[in-house]
file run.txt (compact mmCIF, C-alpha atoms and all ligand atoms)
# COMPACT_ATOMS: atom_id res chain seq x y z
CA MET A 87 -29.99 81.22 2.54
CA MET A 88 -31.20 78.95 -0.25
CA ASN A 89 -34.97 78.73 -0.54
CA GLU A 90 -36.73 75.43 0.09
CA ALA A 91 -37.79 74.84 -3.49
CA GLU A 92 -34.14 74.85 -4.55
CA SER A 93 -32.79 72.53 -1.87
CA PHE A 94 -32.98 68.75 -1.79
CA SER A 95 -34.51 66.75 1.03
CA GLU A 96 -32.57 64.14 2.97
CA GLN A 97 -34.48 61.42 1.16
CA GLU A 98 -33.66 62.83 -2.26
CA ARG A 99 -30.02 63.09 -1.25
CA ALA A 100 -30.00 59.47 -0.08
CA THR A 101 -31.49 58.40 -3.41
CA LEU A 102 -28.78 60.18 -5.36
CA TYR A 103 -26.02 58.51 -3.34
CA ARG A 104 -27.77 55.15 -3.72
CA VAL A 105 -27.89 55.54 -7.50
CA VAL A 106 -24.20 56.46 -7.54
CA GLN A 107 -23.27 53.41 -5.44
CA ALA A 108 -25.55 51.01 -7.31
CA ARG A 109 -24.33 52.00 -10.79
CA ARG A 110 -22.31 49.26 -12.41
CA ASP A 111 -20.65 48.73 -15.73
CA MET A 112 -22.88 46.01 -17.20
CA ARG A 113 -21.96 43.40 -19.79
CA HIS A 114 -24.87 40.98 -19.31
CA PHE A 115 -28.20 42.09 -20.78
CA LEU A 116 -31.58 40.47 -21.28
CA PRO A 117 -31.82 39.66 -24.99
CA ALA A 118 -34.80 40.60 -27.18
CA THR A 119 -35.70 43.65 -25.10
CA THR A 120 -36.34 47.29 -25.95
CA ILE A 121 -36.14 50.68 -24.27
CA PRO A 122 -39.23 52.88 -24.68
CA ALA A 123 -38.46 55.95 -26.81
CA ASP A 124 -39.43 58.40 -24.05
CA VAL A 125 -37.08 56.70 -21.57
CA LEU A 126 -34.20 56.78 -24.05
CA HIS A 127 -34.91 60.43 -24.71
CA ARG A 128 -34.96 61.22 -20.96
CA MET A 129 -31.58 59.57 -20.46
CA LEU A 130 -30.05 61.35 -23.44
CA ALA A 131 -31.42 64.65 -22.17
CA ALA A 132 -29.67 63.92 -18.86
CA ALA A 133 -26.45 63.27 -20.76
CA HIS A 134 -26.82 66.46 -22.74
CA SER A 135 -27.22 68.54 -19.57
CA ALA A 136 -23.69 67.60 -18.46
CA PRO A 137 -21.09 70.27 -17.78
CA SER A 138 -18.58 70.95 -20.53
CA VAL A 139 -15.53 73.14 -20.90
CA GLY A 140 -16.54 76.60 -22.16
CA LEU A 141 -20.02 75.09 -22.80
CA MET A 142 -18.44 73.31 -25.72
CA GLN A 143 -20.74 70.25 -25.57
CA PRO A 144 -18.40 68.23 -27.79
CA TRP A 145 -20.40 64.98 -27.51
CA ARG A 146 -22.46 63.54 -30.35
CA PHE A 147 -24.60 60.43 -29.95
CA ILE A 148 -25.30 57.99 -32.75
CA ARG A 149 -28.04 55.45 -32.18
CA ILE A 150 -27.20 52.21 -33.96
CA ALA A 151 -30.55 51.09 -35.36
CA ASP A 152 -29.32 48.92 -38.23
CA THR A 153 -28.76 45.27 -37.22
CA ASN A 154 -26.13 44.69 -39.85
CA LEU A 155 -24.17 47.73 -38.67
CA ARG A 156 -24.39 46.44 -35.11
CA HIS A 157 -22.86 43.14 -36.26
CA GLN A 158 -20.06 44.97 -38.06
CA ILE A 159 -19.35 46.99 -34.91
CA ALA A 160 -19.38 43.80 -32.82
CA ALA A 161 -16.83 42.25 -35.18
CA LEU A 162 -14.61 45.33 -34.81
CA VAL A 163 -14.77 45.01 -31.02
CA GLU A 164 -14.03 41.30 -31.20
CA SER A 165 -10.84 41.89 -33.19
CA GLU A 166 -9.70 44.46 -30.61
CA ARG A 167 -10.54 42.00 -27.82
CA LEU A 168 -8.16 39.48 -29.41
CA ALA A 169 -5.46 42.15 -29.84
CA THR A 170 -5.90 43.16 -26.19
CA ALA A 171 -5.44 39.55 -25.05
CA GLN A 172 -2.21 39.37 -27.03
CA ALA A 173 -0.98 42.65 -25.57
CA LEU A 174 -1.72 41.39 -22.04
CA GLY A 175 0.75 38.54 -22.30
CA GLU A 176 0.49 36.10 -19.42
CA ARG A 177 -3.06 37.00 -18.35
CA ASP A 178 -4.43 36.50 -21.87
CA ASP A 179 -6.45 33.34 -21.11
CA GLU A 180 -7.95 34.88 -18.00
CA PHE A 181 -8.86 38.01 -19.98
CA MET A 182 -10.48 35.98 -22.75
CA ARG A 183 -12.81 34.39 -20.19
CA ILE A 184 -14.09 37.81 -19.06
CA LYS A 185 -17.19 39.17 -20.76
CA VAL A 186 -16.15 42.64 -21.88
CA GLU A 187 -19.21 43.75 -23.83
CA GLY A 188 -22.88 43.03 -24.40
CA LEU A 189 -23.07 44.49 -27.88
CA ARG A 190 -25.11 41.85 -29.59
CA GLU A 191 -27.77 41.36 -26.93
CA CYS A 192 -28.30 44.80 -25.38
CA ALA A 193 -31.55 46.62 -26.19
CA GLU A 194 -29.86 49.77 -27.51
CA LEU A 195 -26.39 50.50 -28.78
CA LEU A 196 -25.13 54.08 -28.86
CA ALA A 197 -21.84 55.41 -30.15
CA VAL A 198 -20.44 58.55 -28.56
CA VAL A 199 -18.30 60.64 -30.86
CA LEU A 200 -16.17 63.67 -30.06
CA ALA A 201 -17.19 66.29 -32.59
CA PRO A 202 -14.53 68.00 -34.73
CA ASP A 203 -12.85 70.64 -32.58
CA ASP A 204 -14.83 73.88 -32.70
CA GLY A 205 -11.84 75.91 -31.48
CA THR A 206 -13.22 76.68 -28.02
CA VAL A 207 -10.45 78.41 -26.05
CA PHE A 208 -12.26 79.20 -22.79
CA GLY A 209 -10.94 76.70 -20.22
CA ARG A 210 -8.93 74.61 -22.64
CA ARG A 211 -6.02 76.69 -23.83
CA THR A 212 -3.45 74.49 -22.08
CA MET A 213 -5.20 71.10 -22.36
CA PRO A 214 -7.49 71.24 -25.39
CA GLN A 215 -7.84 67.52 -26.11
CA GLU A 216 -8.12 66.44 -22.50
CA MET A 217 -10.78 69.02 -21.65
CA ALA A 218 -12.94 68.06 -24.64
CA LEU A 219 -12.63 64.39 -23.69
CA CYS A 220 -13.40 65.10 -20.02
CA SER A 221 -16.52 66.99 -21.06
CA ALA A 222 -17.77 64.08 -23.15
CA ALA A 223 -17.03 61.72 -20.25
CA CYS A 224 -19.22 63.90 -18.01
CA ALA A 225 -22.11 63.39 -20.45
CA ILE A 226 -21.51 59.65 -20.47
CA GLN A 227 -21.49 59.51 -16.68
CA ASN A 228 -24.78 61.40 -16.56
CA LEU A 229 -26.22 58.81 -18.94
CA TRP A 230 -24.83 55.99 -16.80
CA LEU A 231 -26.50 57.34 -13.67
CA ALA A 232 -29.74 58.11 -15.48
CA ALA A 233 -29.81 54.55 -16.84
CA ARG A 234 -29.34 53.13 -13.35
CA ALA A 235 -32.12 55.35 -12.02
CA GLU A 236 -34.31 53.95 -14.83
CA ASN A 237 -33.29 50.44 -13.66
CA LEU A 238 -31.45 49.86 -16.92
CA GLY A 239 -27.91 48.61 -17.29
CA MET A 240 -25.22 50.40 -19.23
CA GLY A 241 -21.81 49.21 -20.32
CA TRP A 242 -19.03 51.40 -21.71
CA VAL A 243 -17.08 49.56 -24.39
CA SER A 244 -13.77 51.08 -25.47
CA LEU A 245 -12.29 48.07 -27.21
CA PHE A 246 -12.24 49.32 -30.79
CA ASP A 247 -10.09 51.06 -33.34
CA PRO A 248 -11.53 54.61 -33.39
CA VAL A 249 -10.54 55.22 -37.02
CA LYS A 250 -12.29 52.06 -38.22
CA LEU A 251 -15.37 52.77 -36.09
CA GLY A 252 -15.45 56.34 -37.41
CA GLN A 253 -15.45 54.96 -40.95
CA LEU A 254 -18.29 52.54 -40.18
CA LEU A 255 -20.30 55.44 -38.75
CA GLY A 256 -19.53 57.85 -41.58
CA CYS A 257 -17.89 60.33 -39.20
CA PRO A 258 -15.87 63.27 -40.51
CA ILE A 259 -12.14 62.59 -40.32
CA GLU A 260 -11.69 65.15 -37.51
CA ALA A 261 -14.33 63.45 -35.32
CA LYS A 262 -13.32 60.71 -32.88
CA PRO A 263 -15.50 57.89 -31.52
CA ILE A 264 -14.72 57.43 -27.82
CA ALA A 265 -17.38 55.03 -26.58
CA LEU A 266 -19.82 52.34 -27.50
CA LEU A 267 -22.60 52.27 -24.93
CA CYS A 268 -24.65 49.13 -24.44
CA LEU A 269 -27.97 49.92 -22.77
CA GLY A 270 -30.90 47.83 -21.69
CA PRO A 271 -32.75 45.73 -19.17
CA VAL A 272 -30.61 43.32 -17.13
CA LYS A 273 -31.52 40.31 -15.00
CA GLU A 274 -29.63 41.76 -12.06
CA PHE A 275 -26.91 44.31 -11.38
CA TYR A 276 -23.50 43.07 -10.22
CA ALA A 277 -23.17 43.74 -6.50
CA ARG A 278 -19.58 44.92 -7.01
CA PRO A 279 -17.52 45.84 -10.08
CA MET A 280 -17.39 42.70 -12.21
CA LEU A 281 -13.59 42.93 -12.45
CA GLU A 282 -13.46 42.70 -8.64
CA GLN A 283 -15.88 39.78 -8.56
CA LEU A 284 -13.65 37.92 -11.02
CA ASN A 285 -10.48 38.84 -9.11
CA TRP A 286 -9.06 40.64 -12.11
CA ARG A 287 -8.30 43.68 -9.98
CA GLN A 288 -9.47 45.16 -6.69
CA GLY A 289 -10.58 48.76 -6.46
CA ARG A 290 -8.51 51.24 -4.46
CA GLN A 291 -9.50 53.02 -1.31
CA LEU A 292 -10.28 56.71 -1.58
CA VAL A 293 -7.11 58.79 -1.32
CA LEU A 294 -7.10 62.38 -0.11
CA MET A 295 -3.73 64.07 0.20
CA ARG A 296 -3.10 67.25 2.10
CA ASP A 297 -1.32 70.16 0.46
CA GLN A 298 1.35 68.02 -1.22
CA TRP A 299 1.53 64.79 -3.18
CA SER A 300 2.54 62.12 -0.67
CA GLU A 301 3.66 58.69 -1.84
CA GLY A 302 2.69 56.97 1.36
CA THR A 303 -1.00 57.52 0.74
CA CYS A 304 -1.14 56.55 -2.97
C1 LIG A 401 -13.48 55.00 -20.11
C2 LIG A 401 -13.98 53.61 -19.77
C3 LIG A 401 -13.85 52.57 -20.69
C4 LIG A 401 -14.27 51.29 -20.35
N1 LIG A 401 -14.19 50.26 -21.27
C5 LIG A 401 -14.64 49.04 -20.97
C6 LIG A 401 -14.64 47.99 -21.94
O1 LIG A 401 -14.27 48.15 -23.10
N2 LIG A 401 -15.09 46.77 -21.57
C7 LIG A 401 -15.53 46.53 -20.29
O2 LIG A 401 -15.90 45.39 -19.99
N3 LIG A 401 -15.58 47.52 -19.36
C8 LIG A 401 -15.16 48.76 -19.68
N4 LIG A 401 -15.23 49.76 -18.74
C9 LIG A 401 -15.81 49.48 -17.42
C10 LIG A 401 -14.79 49.36 -16.31
O3 LIG A 401 -14.14 48.13 -16.39
C11 LIG A 401 -15.55 49.50 -14.98
O4 LIG A 401 -16.06 50.80 -14.91
C12 LIG A 401 -14.68 49.23 -13.76
O5 LIG A 401 -14.25 47.91 -13.74
C13 LIG A 401 -15.43 49.53 -12.46
O6 LIG A 401 -16.66 48.83 -12.42
P1 LIG A 401 -18.02 49.57 -12.19
O7 LIG A 401 -18.19 50.55 -13.33
O8 LIG A 401 -19.08 48.51 -12.20
O9 LIG A 401 -17.94 50.30 -10.88
C14 LIG A 401 -14.85 51.04 -19.08
C15 LIG A 401 -15.00 52.10 -18.17
C16 LIG A 401 -14.59 53.37 -18.52
C17 LIG A 401 -14.80 54.51 -17.53

call {"tool": "encode", "arguments": {"input": "run.txt", "output": "structure tokens"}}
result
Amino acid sequence: MMNEAESFSEQERATLYRVVQARRDMRHFLPATTIPADVLHRMLAAAHSAPSVGLMQPWRFIRIADTNLRHQIAALVESERLATAQALGERDDEFMRIKVEGLRECAELLAVVLAPDDGTVFGRRTMPQEMALCSAACAIQNLWLAARAENLGMGWVSLFDPVKLGQLLGCPIEAKPIALLCLGPVKEFYARPMLEQLNWRQGRQLVLMRDQWSEGTC
């Protein structure tokens, strides 16, 4: 039987589920704001305590402090936004009206980079790239939840050419940027995923299959 100090109370449990439900991907931030250094450090520590395959911890965080660099990154994202609209075809106009990043106005901008492969075999012999990526995503999700618990918004931006972003950030050739994270105070959190609110796409119901893949439930 687990001792009391180790177990969570009903109230603590409810808080965790509330944070999970209230987390949103945010693109609207209050401009001219900051995040106190200790809060940023707390959130990054939460990210760094994420699980990872074979304890590989393949994530690296780069804090973008230089304003000029932030503008260069924003320009890179903008060119990918235009390329995405083109690739979408008939929904291009609708897509162009959607705010897909808050890079210029968010309080803090972080880049998450997959470190050069350290050759970890434990747990990733059959799916080395996927397991490294999944591990880094776990760290990002921890950060997302920590940000929400700190009443700060976070937005994951993936609209960029990873090679070009890697060059802007001086990354080694074997490293791969996977995320730009916009963080900061927001006026309010979207009540539902913004893509649902804008009728871009509706989220799916939870699916749980039994024993076998079954098409009827997907
Ligand atoms: C891997 C990943 C990449 C994403 N990239 C972007 C992005 O470039 N721009 C954007 O507006 N949202 C991006 N999102 C946010 C998703 O659109 C969002 O998570 C989804 O619509 C559900 O909304 P919610 O996070 O508020 O629940 C990304 C999310 C993930 C997990």

call {"tool": "residues_near_ligand", "arguments": {"input": "run.txt", "ligand": "ligand LIG 401 (chain A)", "cutoff": "7 Å", "atoms": "only C-alpha atoms and all ligand atoms", "output": "PyMOL selection string"}}
result
chain A and resi 109-113+185-187+241-245+278-281

call {"tool": "residues_around", "arguments": {"input": "run.txt", "residues": "segment 159-167 of chain A", "least_positions_apart": "4", "cutoff": "7 Å", "atoms": "only C-alpha atoms", "output": "number ranges by chain"}}
result
A: 155, 171, 189-190, 245-246

call {"tool": "atom_distance", "arguments": {"input": "run.txt", "atom1": "atom CA of Asp247 of chain A", "atom2": "atom CA of Gln172 of chain A"}}
result
15.4 Å

call {"tool": "atom_distance", "arguments": {"input": "run.txt", "atom1": "atom CA of Gln283 of chain A", "atom2": "atom CA of Ala108 of chain A"}}
result
14.9 Å

call {"tool": "closest_residue", "arguments": {"input": "run.txt", "among": "A:Phe94, A:His114, A:Asn285, A:Gly302", "to": "Gly188 of chain A", "atoms": "all atoms listed in the file"}}
result
A:His114

call {"tool": "closest_atom_pairs", "arguments": {"input": "run.txt", "of": "segment 159-233 of chain A", "to": "segment 126-136 of chain A", "cutoff": "6 Å", "atoms": "all atoms listed in the file", "output": "tab-separated table"}}
result
residue	atom	partner	partner_atom	distance
A:Cys224	CA	A:Ala136	CA	5.8
A:Ala225	CA	A:Ala133	CA	4.4
A:Asn228	CA	A:Ala133	CA	4.9
A:Leu229	CA	A:Ala133	CA	4.8
A:Ala232	CA	A:Met129	CA	5.5

call {"tool": "atom_distance", "arguments": {"input": "run.txt", "atom1": "atom CA of Val125 of chain A", "atom2": "atom CA of Cys192 of chain A"}}
result
15.3 Å

call {"tool": "residues_around", "arguments": {"input": "run.txt", "residues": "Ile264 of chain A", "least_positions_apart": "5", "cutoff": "8 Å", "atoms": "all atoms listed in the file", "output": "ChimeraX atom specification"}}
result
/A:197-200,244,248

call {"tool": "closest_residue", "arguments": {"input": "run.txt", "among": "A:Lys273, A:Arg177, A:Arg149, A:Lys262", "to": "Gly239 of chain A", "atoms": "only C-alpha atoms"}}
result
A:Lys273

call {"tool": "closest_residue", "arguments": {"input": "run.txt", "among": "A:Met142, A:Ile148, A:Ile121, A:Met87", "to": "Pro214 of chain A", "atoms": "all atoms listed in the file"}}
result
A:Met142

call {"tool": "closest_residue", "arguments": {"input": "run.txt", "among": "A:Val105, A:Ile226, A:Ala123, A:Glu236", "to": "Phe147 of chain A", "atoms": "only C-alpha atoms"}}
result
A:Ile226

call {"tool": "axis_aligned_box", "arguments": {"input": "run.txt", "around": "segment 100-106 of chain A", "padding_each_side": "8 Å", "output": "AutoDock Vina command-line options"}}
result
--center_x -27.8 --center_y 57.7 --center_z -3.8 --size_x 23.3 --size_y 21.0 --size_z 23.5

call {"tool": "closest_residue", "arguments": {"input": "run.txt", "among": "A:Cys268, A:Leu219, A:Met240, A:Leu102", "to": "Glu194 of chain A", "atoms": "all atoms listed in the file"}}
result
A:Cys268

call {"tool": "residues_around", "arguments": {"input": "run.txt", "residues": "segment 150-152 of chain A", "least_positions_apart": "2", "cutoff": "6 Å", "atoms": "only C-alpha atoms", "output": "JSON, numbers by chain"}}
result
{"A": [154, 155, 195, 196]}

call {"tool": "build_atoms", "arguments": {"input": "run.txt", "residues": "segment 201-228 of chain A", "atoms": "N, CA and C atoms", "output": "tab-separated table (two decimals), keeping the file's coordinate frame"}}
result
chain	number	residue	atom	x	y	z
A	201	ALA	N	-17.00	65.51	-31.37
A	201	ALA	CA	-17.19	66.29	-32.59
A	201	ALA	C	-15.87	66.93	-33.02
A	202	PRO	N	-15.73	67.27	-34.30
A	202	PRO	CA	-14.53	68.00	-34.73
A	202	PRO	C	-14.36	69.24	-33.85
A	203	ASP	N	-13.14	69.54	-33.51
A	203	ASP	CA	-12.85	70.64	-32.58
A	203	ASP	C	-13.43	71.96	-33.10
A	204	ASP	N	-14.22	72.62	-32.26
A	204	ASP	CA	-14.83	73.88	-32.70
A	204	ASP	C	-13.97	75.08	-32.31
A	205	GLY	N	-12.77	74.82	-31.78
A	205	GLY	CA	-11.84	75.91	-31.48
A	205	GLY	C	-12.09	76.61	-30.17
A	206	THR	N	-12.97	76.06	-29.33
A	206	THR	CA	-13.22	76.68	-28.02
A	206	THR	C	-11.89	76.89	-27.28
A	207	VAL	N	-11.69	78.10	-26.77
A	207	VAL	CA	-10.45	78.41	-26.05
A	207	VAL	C	-10.70	78.47	-24.55
A	208	PHE	N	-11.87	79.02	-24.18
A	208	PHE	CA	-12.26	79.20	-22.79
A	208	PHE	C	-12.07	77.89	-22.00
A	209	GLY	N	-11.13	77.86	-21.10
A	209	GLY	CA	-10.94	76.70	-20.22
A	209	GLY	C	-10.10	75.59	-20.81
A	210	ARG	N	-9.69	75.73	-22.05
A	210	ARG	CA	-8.93	74.61	-22.64
A	210	ARG	C	-7.71	75.04	-23.44
A	211	ARG	N	-7.18	76.21	-23.09
A	211	ARG	CA	-6.02	76.69	-23.83
A	211	ARG	C	-4.81	75.78	-23.62
A	212	THR	N	-4.65	75.28	-22.37
A	212	THR	CA	-3.45	74.49	-22.08
A	212	THR	C	-3.66	72.99	-22.27
A	213	MET	N	-4.94	72.54	-22.26
A	213	MET	CA	-5.20	71.10	-22.36
A	213	MET	C	-6.40	70.86	-23.29
A	214	PRO	N	-6.30	71.28	-24.53
A	214	PRO	CA	-7.49	71.24	-25.39
A	214	PRO	C	-8.10	69.85	-25.57
A	215	GLN	N	-7.27	68.85	-25.85
A	215	GLN	CA	-7.84	67.52	-26.11
A	215	GLN	C	-8.42	66.90	-24.85
A	216	GLU	N	-7.66	67.05	-23.76
A	216	GLU	CA	-8.12	66.44	-22.50
A	216	GLU	C	-9.45	67.05	-22.05
A	217	MET	N	-9.57	68.38	-22.16
A	217	MET	CA	-10.78	69.02	-21.65
A	217	MET	C	-12.02	68.67	-22.50
A	218	ALA	N	-11.82	68.50	-23.79
A	218	ALA	CA	-12.94	68.06	-24.64
A	218	ALA	C	-13.36	66.64	-24.24
A	219	LEU	N	-12.35	65.78	-24.06
A	219	LEU	CA	-12.63	64.39	-23.69
A	219	LEU	C	-13.30	64.31	-22.31
A	220	CYS	N	-12.79	65.10	-21.37
A	220	CYS	CA	-13.40	65.10	-20.02
A	220	CYS	C	-14.87	65.54	-20.10
A	221	SER	N	-15.15	66.50	-20.94
A	221	SER	CA	-16.52	66.99	-21.06
A	221	SER	C	-17.44	65.88	-21.58
A	222	ALA	N	-16.97	65.18	-22.60
A	222	ALA	CA	-17.77	64.08	-23.15
A	222	ALA	C	-17.96	62.98	-22.11
A	223	ALA	N	-16.92	62.75	-21.30
A	223	ALA	CA	-17.03	61.72	-20.25
A	223	ALA	C	-18.08	62.13	-19.20
A	224	CYS	N	-18.18	63.44	-18.95
A	224	CYS	CA	-19.22	63.90	-18.01
A	224	CYS	C	-20.61	63.54	-18.54
A	225	ALA	N	-20.80	63.72	-19.85
A	225	ALA	CA	-22.11	63.39	-20.45
A	225	ALA	C	-22.38	61.90	-20.33
A	226	ILE	N	-21.34	61.10	-20.55
A	226	ILE	CA	-21.51	59.65	-20.47
A	226	ILE	C	-21.85	59.22	-19.04
A	227	GLN	N	-21.19	59.85	-18.07
A	227	GLN	CA	-21.49	59.51	-16.68
A	227	GLN	C	-22.93	59.89	-16.31
A	228	ASN	N	-23.38	61.03	-16.80
A	228	ASN	CA	-24.78	61.40	-16.56
A	228	ASN	C	-25.72	60.32	-17.11
